[in-house]
file run-v2.pdb (PDB, C-alpha atoms)
ATOM      1  CA  MET A   1       0.000   0.000   0.000
ATOM      2  CA  LYS A   2       1.346   3.413  -0.964
ATOM      3  CA  SER A   3       1.505   6.269   1.537
ATOM      4  CA  HIS A   4      -0.581   9.422   1.740
ATOM      5  CA  GLU A   5       2.581  11.320   0.800
ATOM      6  CA  TYR A   6       2.937   9.285  -2.396
ATOM      7  CA  TYR A   7      -0.581  10.119  -3.559
ATOM      8  CA  MET A   8      -0.261  13.776  -2.529
ATOM      9  CA  ARG A   9       2.883  14.002  -4.660
ATOM     10  CA  GLU A  10       0.763  12.741  -7.544
ATOM     11  CA  ALA A  11      -1.758  15.506  -6.820
ATOM     12  CA  LEU A  12       1.140  17.982  -6.813
ATOM     13  CA  LYS A  13       2.164  16.717 -10.270
ATOM     14  CA  GLU A  14      -1.323  17.657 -11.405
ATOM     15  CA  ALA A  15      -0.953  21.078  -9.769
ATOM     16  CA  LYS A  16       2.251  21.607 -11.754
ATOM     17  CA  LYS A  17       0.375  20.737 -14.963
ATOM     18  CA  ALA A  18      -2.098  23.498 -14.113
ATOM     19  CA  GLU A  19       0.729  25.938 -13.493
ATOM     20  CA  THR A  20       2.287  25.228 -16.902
ATOM     21  CA  ILE A  21      -0.925  26.397 -18.581
ATOM     22  CA  ASP A  22      -1.212  29.452 -16.301
ATOM     23  CA  GLU A  23      -3.958  28.019 -14.116
ATOM     24  CA  VAL A  24      -3.914  28.287 -10.329
ATOM     25  CA  PRO A  25      -1.766  25.261  -9.393
ATOM     26  CA  ILE A  26      -4.165  22.928  -7.646
ATOM     27  CA  GLY A  27      -4.191  19.225  -8.383
ATOM     28  CA  ALA A  28      -6.195  16.196  -7.348
ATOM     29  CA  VAL A  29      -6.160  12.434  -7.689
ATOM     30  CA  ILE A  30      -8.802   9.873  -6.735
ATOM     31  CA  VAL A  31      -7.684   6.512  -5.416
ATOM     32  CA  LYS A  32      -9.650   3.275  -5.132
ATOM     33  CA  GLU A  33      -8.142   0.002  -3.925
ATOM     34  CA  ASN A  34      -4.657   1.575  -3.901
ATOM     35  CA  LYS A  35      -4.854   2.617  -7.575
ATOM     36  CA  ILE A  36      -5.227   6.095  -9.007
ATOM     37  CA  ILE A  37      -8.440   5.978 -11.030
ATOM     38  CA  ALA A  38      -8.687   9.681 -11.907
ATOM     39  CA  ARG A  39      -6.585  12.817 -12.036
ATOM     40  CA  GLY A  40      -7.494  16.463 -12.335
ATOM     41  CA  HIS A  41      -6.081  19.953 -12.198
ATOM     42  CA  ASN A  42      -7.584  23.400 -12.412
ATOM     43  CA  LEU A  43      -8.969  24.242 -15.857
ATOM     44  CA  ARG A  44     -11.116  27.272 -15.049
ATOM     45  CA  GLU A  45      -9.295  29.646 -17.393
ATOM     46  CA  LYS A  46      -8.872  27.144 -20.214
ATOM     47  CA  LYS A  47     -12.527  26.095 -20.122
ATOM     48  CA  GLN A  48     -13.848  29.461 -18.922
ATOM     49  CA  SER A  49     -15.903  27.482 -16.416
ATOM     50  CA  ALA A  50     -16.365  28.337 -12.755
ATOM     51  CA  THR A  51     -16.799  24.632 -11.972
ATOM     52  CA  ALA A  52     -13.568  23.378 -13.591
ATOM     53  CA  HIS A  53     -11.775  22.957 -10.265
ATOM     54  CA  ALA A  54      -9.256  20.121  -9.874
ATOM     55  CA  GLU A  55     -11.597  18.135  -7.602
ATOM     56  CA  ILE A  56     -14.593  18.410  -9.957
ATOM     57  CA  VAL A  57     -12.467  17.392 -12.952
ATOM     58  CA  ALA A  58     -11.195  14.335 -11.037
ATOM     59  CA  ILE A  59     -14.658  13.425  -9.699
ATOM     60  CA  GLU A  60     -16.169  13.535 -13.186
ATOM     61  CA  LYS A  61     -13.386  11.300 -14.549
ATOM     62  CA  ALA A  62     -13.747   8.840 -11.648
ATOM     63  CA  CYS A  63     -17.525   8.608 -12.141
ATOM     64  CA  LYS A  64     -17.029   7.943 -15.845
ATOM     65  CA  LYS A  65     -14.345   5.305 -15.187
ATOM     66  CA  LEU A  66     -16.443   3.485 -12.575
ATOM     67  CA  GLY A  67     -19.729   3.944 -14.423
ATOM     68  CA  THR A  68     -21.469   5.368 -11.357
ATOM     69  CA  TRP A  69     -21.893   8.654  -9.545
ATOM     70  CA  ARG A  70     -21.267   6.891  -6.224
ATOM     71  CA  LEU A  71     -17.562   7.009  -5.429
ATOM     72  CA  GLU A  72     -17.848   4.784  -2.371
ATOM     73  CA  GLY A  73     -14.516   3.376  -1.240
ATOM     74  CA  CYS A  74     -12.641   6.202  -2.972
ATOM     75  CA  THR A  75     -10.168   8.667  -1.498
ATOM     76  CA  LEU A  76      -9.629  12.158  -2.885
ATOM     77  CA  TYR A  77      -6.164  13.666  -2.516
ATOM     78  CA  VAL A  78      -6.094  17.381  -3.280
ATOM     79  CA  SER A  79      -3.324  19.915  -2.814
ATOM     80  CA  LEU A  80      -5.604  22.656  -1.405
ATOM     81  CA  GLU A  81      -8.529  22.371   0.982
ATOM     82  CA  PRO A  82     -11.742  22.134  -1.050
ATOM     83  CA  CYS A  83     -14.050  25.126  -1.517
ATOM     84  CA  PRO A  84     -17.797  24.854  -0.746
ATOM     85  CA  MET A  85     -18.605  23.608  -4.259
ATOM     86  CA  CYS A  86     -15.926  20.918  -4.201
ATOM     87  CA  ALA A  87     -16.658  19.863  -0.614
ATOM     88  CA  GLY A  88     -20.298  19.534  -1.639
ATOM     89  CA  ALA A  89     -19.360  17.462  -4.689
ATOM     90  CA  CYS A  90     -17.322  15.144  -2.441
ATOM     91  CA  ILE A  91     -20.285  14.701  -0.128
ATOM     92  CA  GLN A  92     -22.741  14.207  -2.995
ATOM     93  CA  SER A  93     -20.491  11.656  -4.730
ATOM     94  CA  ARG A  94     -20.022   9.703  -1.484
ATOM     95  CA  ILE A  95     -16.229   9.949  -1.478
ATOM     96  CA  GLU A  96     -15.105   8.020   1.595
ATOM     97  CA  THR A  97     -12.040  10.083   2.527
ATOM     98  CA  ILE A  98     -10.782  13.560   1.644
ATOM     99  CA  ILE A  99      -7.082  14.210   2.159
ATOM    100  CA  TYR A 100      -5.731  17.675   1.517
ATOM    101  CA  GLY A 101      -2.398  19.428   1.764
ATOM    102  CA  ALA A 102      -2.698  23.167   2.411
ATOM    103  CA  SER A 103      -5.539  24.831   4.275
ATOM    104  CA  ASP A 104      -7.404  27.629   2.490
ATOM    105  CA  PRO A 105      -8.092  30.624   4.764
ATOM    106  CA  LYS A 106     -10.144  32.337   2.035
ATOM    107  CA  GLY A 107     -12.541  29.556   1.132
ATOM    108  CA  GLY A 108     -11.643  26.260   2.771
ATOM    109  CA  SER A 109     -14.834  24.392   3.537
ATOM    110  CA  ILE A 110     -13.505  21.339   5.344
ATOM    111  CA  GLY A 111     -12.543  23.004   8.587
ATOM    112  CA  THR A 112     -10.927  26.377   7.909
ATOM    113  CA  CYS A 113     -13.795  28.758   7.090
ATOM    114  CA  VAL A 114     -16.595  26.252   7.556
ATOM    115  CA  ASP A 115     -16.799  22.464   7.710
ATOM    116  CA  LEU A 116     -19.419  21.012   5.398
ATOM    117  CA  THR A 117     -18.366  17.470   6.313
ATOM    118  CA  LYS A 118     -19.720  18.042   9.829
ATOM    119  CA  VAL A 119     -23.249  19.140   8.914
ATOM    120  CA  LYS A 120     -25.229  16.528  10.834
ATOM    121  CA  GLU A 121     -28.254  16.771   8.551
ATOM    122  CA  TYR A 122     -26.270  15.567   5.527
ATOM    123  CA  ASN A 123     -26.525  11.858   4.818
ATOM    124  CA  HIS A 124     -22.810  11.364   4.066
ATOM    125  CA  HIS A 125     -19.825  12.400   6.169
ATOM    126  CA  PRO A 126     -16.432  11.690   4.603
ATOM    127  CA  ASN A 127     -13.363  11.109   6.718
ATOM    128  CA  VAL A 128     -10.885  13.990   6.523
ATOM    129  CA  ILE A 129      -7.111  14.102   6.870
ATOM    130  CA  LYS A 130      -5.384  17.447   6.483
ATOM    131  CA  GLY A 131      -1.841  18.738   6.247
ATOM    132  CA  ILE A 132      -0.246  16.013   4.094
ATOM    133  CA  LEU A 133       2.807  17.654   2.433
ATOM    134  CA  GLU A 134       1.342  20.945   3.603
ATOM    135  CA  GLU A 135       4.517  22.952   3.019
ATOM    136  CA  GLU A 136       4.946  21.762  -0.579
ATOM    137  CA  CYS A 137       1.261  22.292  -1.335
ATOM    138  CA  SER A 138       1.317  25.787   0.126
ATOM    139  CA  SER A 139       4.627  26.705  -1.507
ATOM    140  CA  ILE A 140       3.513  26.049  -5.092
ATOM    141  CA  LEU A 141       0.537  28.375  -4.582
ATOM    142  CA  LYS A 142       2.588  31.103  -2.906
ATOM    143  CA  GLN A 143       5.183  31.018  -5.700
ATOM    144  CA  TYR A 144       2.487  31.161  -8.377
ATOM    145  CA  PHE A 145       0.754  34.196  -6.894
ATOM    146  CA  LYS A 146       4.079  35.922  -6.223
ATOM    147  CA  MET A 147       4.926  35.516  -9.906
ATOM    148  CA  LYS A 148       1.480  36.790 -10.951
ATOM    149  CA  ARG A 149       1.898  39.913  -8.788
ATOM    150  CA  LYS A 150       5.306  40.617 -10.403
ATOM    151  CA  GLN A 151       3.722  40.380 -13.860
ATOM    152  CA  LYS A 152       1.280  43.182 -13.044
TER     153      LYS A 152
END
call {"tool": "encode", "arguments": {"input": "run-v2.pdb", "output": "structure tokens"}}
result
Amino acid sequence: MKSHEYYMREALKEAKKAETIDEVPIGAVIVKENKIIARGHNLREKKQSATAHAEIVAIEKACKKLGTWRLEGCTLYVSLEPCPMCAGACIQSRIETIIYGASDPKGGSIGTCVDLTKVKEYNHHPNVIKGILEEECSSILKQYFKMKRKQK
């Protein structure tokens, strides 16, 4: 069995793909039975779509691969704490575990600003692990935005 760090490094590879196309560098992978079944990175600018976040891209690919919208038994690894939309998509798709690297003080919805996984009325409550490769996940974002500020 591979470690959380291994899979988070795979999510970081996706984040670097986003960065190369001038997208905010956030990446995600979905794992089932110790195999990566889907990958995603931010594509909001390329697709001009507010919903083209790394998590949504990966969730859509995983659903297609498995032939179901229920991602039971799956783990999402994502380099940045999910926003409300992505946290909601994780809950709705029944992802078993969400593992993220860096916390998001401006929109994190799995504990930082709000915690949608703890809403008792919801019928699914994924497990959450945070802070895996936190420094690396945070660093790629900080470097990206530092570069963007210099360009202006």
call {"tool": "closest_atom_pairs", "arguments": {"input": "run-v2.pdb", "of": "range 105-136 of chain A", "to": "range 76-95 of chain A", "cutoff": "7 Å", "atoms": "all atoms listed in the file", "output": "JSON lines"}}
result
{"residue": "A:Gly107", "atom": "CA", "partner": "A:Cys83", "partner_atom": "CA", "distance": 5.4}
{"residue": "A:Gly108", "atom": "CA", "partner": "A:Cys83", "partner_atom": "CA", "distance": 5.0}
{"residue": "A:Ser109", "atom": "CA", "partner": "A:Cys83", "partner_atom": "CA", "distance": 5.2}
{"residue": "A:Ile110", "atom": "CA", "partner": "A:Pro82", "partner_atom": "CA", "distance": 6.7}
{"residue": "A:Leu116", "atom": "CA", "partner": "A:Ala87", "partner_atom": "CA", "distance": 6.7}
{"residue": "A:His124", "atom": "CA", "partner": "A:Ile91", "partner_atom": "CA", "distance": 5.9}
{"residue": "A:His125", "atom": "CA", "partner": "A:Ile91", "partner_atom": "CA", "distance": 6.7}
{"residue": "A:Pro126", "atom": "CA", "partner": "A:Ile95", "partner_atom": "CA", "distance": 6.3}
call {"tool": "residues_around", "arguments": {"input": "run-v2.pdb", "residues": "range 32-39 of chain A", "least_positions_apart": "5", "cutoff": "9 Å", "atoms": "all atoms listed in the file", "output": "ChimeraX atom specification"}}
result
/A:1-2,7,10-11,14,27,54-55,57-63,65-66,71-75
call {"tool": "closest_atom_pairs", "arguments": {"input": "run-v2.pdb", "of": "range 83-120 of chain A", "to": "range 141-147 of chain A", "cutoff": "12 Å", "atoms": "only C-alpha atoms", "output": "CSV"}}
result
residue,atom,partner,partner_atom,distance
A:Gly101,CA,A:Leu141,CA,11.4
A:Ala102,CA,A:Leu141,CA,9.3
A:Ser103,CA,A:Leu141,CA,11.3
A:Asp104,CA,A:Leu141,CA,10.7
call {"tool": "atom_distance", "arguments": {"input": "run-v2.pdb", "atom1": "CA of Ala18 in chain A", "atom2": "CA of Glu5 in chain A"}}
result
19.8 Å
call {"tool": "atom_distance", "arguments": {"input": "run-v2.pdb", "atom1": "CA of Cys113 in chain A", "atom2": "CA of Tyr100 in chain A"}}
result
14.8 Å
call {"tool": "atom_distance", "arguments": {"input": "run-v2.pdb", "atom1": "CA of Glu19 in chain A", "atom2": "CA of Ile132 in chain A"}}
result
20.2 Å
call {"tool": "closest_residue", "arguments": {"input": "run-v2.pdb", "among": "A:Ala15, A:Val24, A:Ile30, A:Ile99", "to": "Lys130 in chain A", "atoms": "only C-alpha atoms"}}
result
A:Ile99
call {"tool": "closest_residue", "arguments": {"input": "run-v2.pdb", "among": "A:Ser3, A:Glu96, A:Ala28, A:Met8", "to": "Leu133 in chain A", "atoms": "all atoms listed in the file"}}
result
A:Met8
call {"tool": "residues_around", "arguments": {"input": "run-v2.pdb", "residues": "Leu43 in chain A", "least_positions_apart": "4", "cutoff": "7 Å", "atoms": "all atoms listed in the file", "output": "count of residues only"}}
result
4
call {"tool": "decode", "arguments": {"input": "run-v2.pdb", "residues": "range 65-87 of chain A", "atoms": "N, CA, C and O atoms", "output": "PDB file, in the first residue's frame"}}
result
ATOM      1  N   LYS A  65     -15.139   6.546 -15.210  1.00  0.00           N
ATOM      2  CA  LYS A  65     -14.345   5.305 -15.187  1.00  0.00           C
ATOM      3  C   LYS A  65     -15.101   4.178 -14.487  1.00  0.00           C
ATOM      4  O   LYS A  65     -15.109   3.043 -14.943  1.00  0.00           O
ATOM      5  N   LEU A  66     -15.741   4.508 -13.359  1.00  0.00           N
ATOM      6  CA  LEU A  66     -16.443   3.485 -12.575  1.00  0.00           C
ATOM      7  C   LEU A  66     -17.865   3.226 -13.081  1.00  0.00           C
ATOM      8  O   LEU A  66     -18.498   2.255 -12.664  1.00  0.00           O
ATOM      9  N   GLY A  67     -18.374   4.114 -13.910  1.00  0.00           N
ATOM     10  CA  GLY A  67     -19.729   3.944 -14.423  1.00  0.00           C
ATOM     11  C   GLY A  67     -20.806   4.190 -13.385  1.00  0.00           C
ATOM     12  O   GLY A  67     -21.909   3.652 -13.477  1.00  0.00           O
ATOM     13  N   THR A  68     -20.508   5.043 -12.417  1.00  0.00           N
ATOM     14  CA  THR A  68     -21.469   5.368 -11.357  1.00  0.00           C
ATOM     15  C   THR A  68     -21.125   6.723 -10.757  1.00  0.00           C
ATOM     16  O   THR A  68     -19.965   7.132 -10.762  1.00  0.00           O
ATOM     17  N   TRP A  69     -22.142   7.391 -10.238  1.00  0.00           N
ATOM     18  CA  TRP A  69     -21.893   8.654  -9.545  1.00  0.00           C
ATOM     19  C   TRP A  69     -21.473   8.429  -8.098  1.00  0.00           C
ATOM     20  O   TRP A  69     -21.004   9.339  -7.432  1.00  0.00           O
ATOM     21  N   ARG A  70     -21.635   7.206  -7.610  1.00  0.00           N
ATOM     22  CA  ARG A  70     -21.267   6.891  -6.224  1.00  0.00           C
ATOM     23  C   ARG A  70     -19.805   6.467  -6.157  1.00  0.00           C
ATOM     24  O   ARG A  70     -19.442   5.404  -6.637  1.00  0.00           O
ATOM     25  N   LEU A  71     -18.993   7.298  -5.535  1.00  0.00           N
ATOM     26  CA  LEU A  71     -17.562   7.009  -5.429  1.00  0.00           C
ATOM     27  C   LEU A  71     -17.228   6.401  -4.065  1.00  0.00           C
ATOM     28  O   LEU A  71     -16.242   6.761  -3.423  1.00  0.00           O
ATOM     29  N   GLU A  72     -18.061   5.464  -3.654  1.00  0.00           N
ATOM     30  CA  GLU A  72     -17.848   4.784  -2.371  1.00  0.00           C
ATOM     31  C   GLU A  72     -16.531   4.023  -2.420  1.00  0.00           C
ATOM     32  O   GLU A  72     -16.172   3.448  -3.440  1.00  0.00           O
ATOM     33  N   GLY A  73     -15.808   4.056  -1.307  1.00  0.00           N
ATOM     34  CA  GLY A  73     -14.516   3.376  -1.240  1.00  0.00           C
ATOM     35  C   GLY A  73     -13.385   4.151  -1.885  1.00  0.00           C
ATOM     36  O   GLY A  73     -12.273   3.655  -1.991  1.00  0.00           O
ATOM     37  N   CYS A  74     -13.661   5.382  -2.319  1.00  0.00           N
ATOM     38  CA  CYS A  74     -12.641   6.202  -2.972  1.00  0.00           C
ATOM     39  C   CYS A  74     -12.088   7.257  -2.014  1.00  0.00           C
ATOM     40  O   CYS A  74     -12.780   7.729  -1.115  1.00  0.00           O
ATOM     41  N   THR A  75     -10.839   7.613  -2.254  1.00  0.00           N
ATOM     42  CA  THR A  75     -10.168   8.667  -1.498  1.00  0.00           C
ATOM     43  C   THR A  75      -9.744   9.756  -2.463  1.00  0.00           C
ATOM     44  O   THR A  75      -9.143   9.471  -3.501  1.00  0.00           O
ATOM     45  N   LEU A  76     -10.062  10.996  -2.120  1.00  0.00           N
ATOM     46  CA  LEU A  76      -9.629  12.158  -2.885  1.00  0.00           C
ATOM     47  C   LEU A  76      -8.408  12.759  -2.208  1.00  0.00           C
ATOM     48  O   LEU A  76      -8.448  13.049  -1.004  1.00  0.00           O
ATOM     49  N   TYR A  77      -7.341  12.924  -2.961  1.00  0.00           N
ATOM     50  CA  TYR A  77      -6.164  13.666  -2.516  1.00  0.00           C
ATOM     51  C   TYR A  77      -6.160  14.961  -3.304  1.00  0.00           C
ATOM     52  O   TYR A  77      -6.220  14.940  -4.537  1.00  0.00           O
ATOM     53  N   VAL A  78      -6.088  16.088  -2.604  1.00  0.00           N
ATOM     54  CA  VAL A  78      -6.094  17.381  -3.280  1.00  0.00           C
ATOM     55  C   VAL A  78      -5.111  18.309  -2.577  1.00  0.00           C
ATOM     56  O   VAL A  78      -4.995  18.303  -1.356  1.00  0.00           O
ATOM     57  N   SER A  79      -4.400  19.098  -3.374  1.00  0.00           N
ATOM     58  CA  SER A  79      -3.324  19.915  -2.814  1.00  0.00           C
ATOM     59  C   SER A  79      -3.819  21.086  -1.971  1.00  0.00           C
ATOM     60  O   SER A  79      -3.088  21.556  -1.100  1.00  0.00           O
ATOM     61  N   LEU A  80      -5.034  21.553  -2.199  1.00  0.00           N
ATOM     62  CA  LEU A  80      -5.604  22.656  -1.405  1.00  0.00           C
ATOM     63  C   LEU A  80      -6.961  22.240  -0.858  1.00  0.00           C
ATOM     64  O   LEU A  80      -7.741  21.576  -1.552  1.00  0.00           O
ATOM     65  N   GLU A  81      -7.234  22.656   0.343  1.00  0.00           N
ATOM     66  CA  GLU A  81      -8.529  22.371   0.982  1.00  0.00           C
ATOM     67  C   GLU A  81      -9.681  22.753   0.047  1.00  0.00           C
ATOM     68  O   GLU A  81      -9.707  23.859  -0.497  1.00  0.00           O
ATOM     69  N   PRO A  82     -10.629  21.860  -0.143  1.00  0.00           N
ATOM     70  CA  PRO A  82     -11.742  22.134  -1.050  1.00  0.00           C
ATOM     71  C   PRO A  82     -12.609  23.329  -0.645  1.00  0.00           C
ATOM     72  O   PRO A  82     -12.828  23.596   0.537  1.00  0.00           O
ATOM     73  N   CYS A  83     -13.105  24.022  -1.677  1.00  0.00           N
ATOM     74  CA  CYS A  83     -14.050  25.126  -1.517  1.00  0.00           C
ATOM     75  C   CYS A  83     -15.445  24.543  -1.238  1.00  0.00           C
ATOM     76  O   CYS A  83     -15.613  23.318  -1.255  1.00  0.00           O
ATOM     77  N   PRO A  84     -16.457  25.378  -1.010  1.00  0.00           N
ATOM     78  CA  PRO A  84     -17.797  24.854  -0.746  1.00  0.00           C
ATOM     79  C   PRO A  84     -18.338  23.977  -1.874  1.00  0.00           C
ATOM     80  O   PRO A  84     -18.950  22.936  -1.624  1.00  0.00           O
ATOM     81  N   MET A  85     -18.112  24.391  -3.127  1.00  0.00           N
ATOM     82  CA  MET A  85     -18.605  23.608  -4.259  1.00  0.00           C
ATOM     83  C   MET A  85     -17.959  22.222  -4.285  1.00  0.00           C
ATOM     84  O   MET A  85     -18.645  21.211  -4.451  1.00  0.00           O
ATOM     85  N   CYS A  86     -16.652  22.188  -4.121  1.00  0.00           N
ATOM     86  CA  CYS A  86     -15.926  20.918  -4.201  1.00  0.00           C
ATOM     87  C   CYS A  86     -16.187  20.035  -2.981  1.00  0.00           C
ATOM     88  O   CYS A  86     -16.310  18.813  -3.113  1.00  0.00           O
ATOM     89  N   ALA A  87     -16.297  20.638  -1.804  1.00  0.00           N
ATOM     90  CA  ALA A  87     -16.658  19.863  -0.614  1.00  0.00           C
ATOM     91  C   ALA A  87     -18.041  19.256  -0.807  1.00  0.00           C
ATOM     92  O   ALA A  87     -18.270  18.077  -0.492  1.00  0.00           O
TER      93      ALA A  87
END
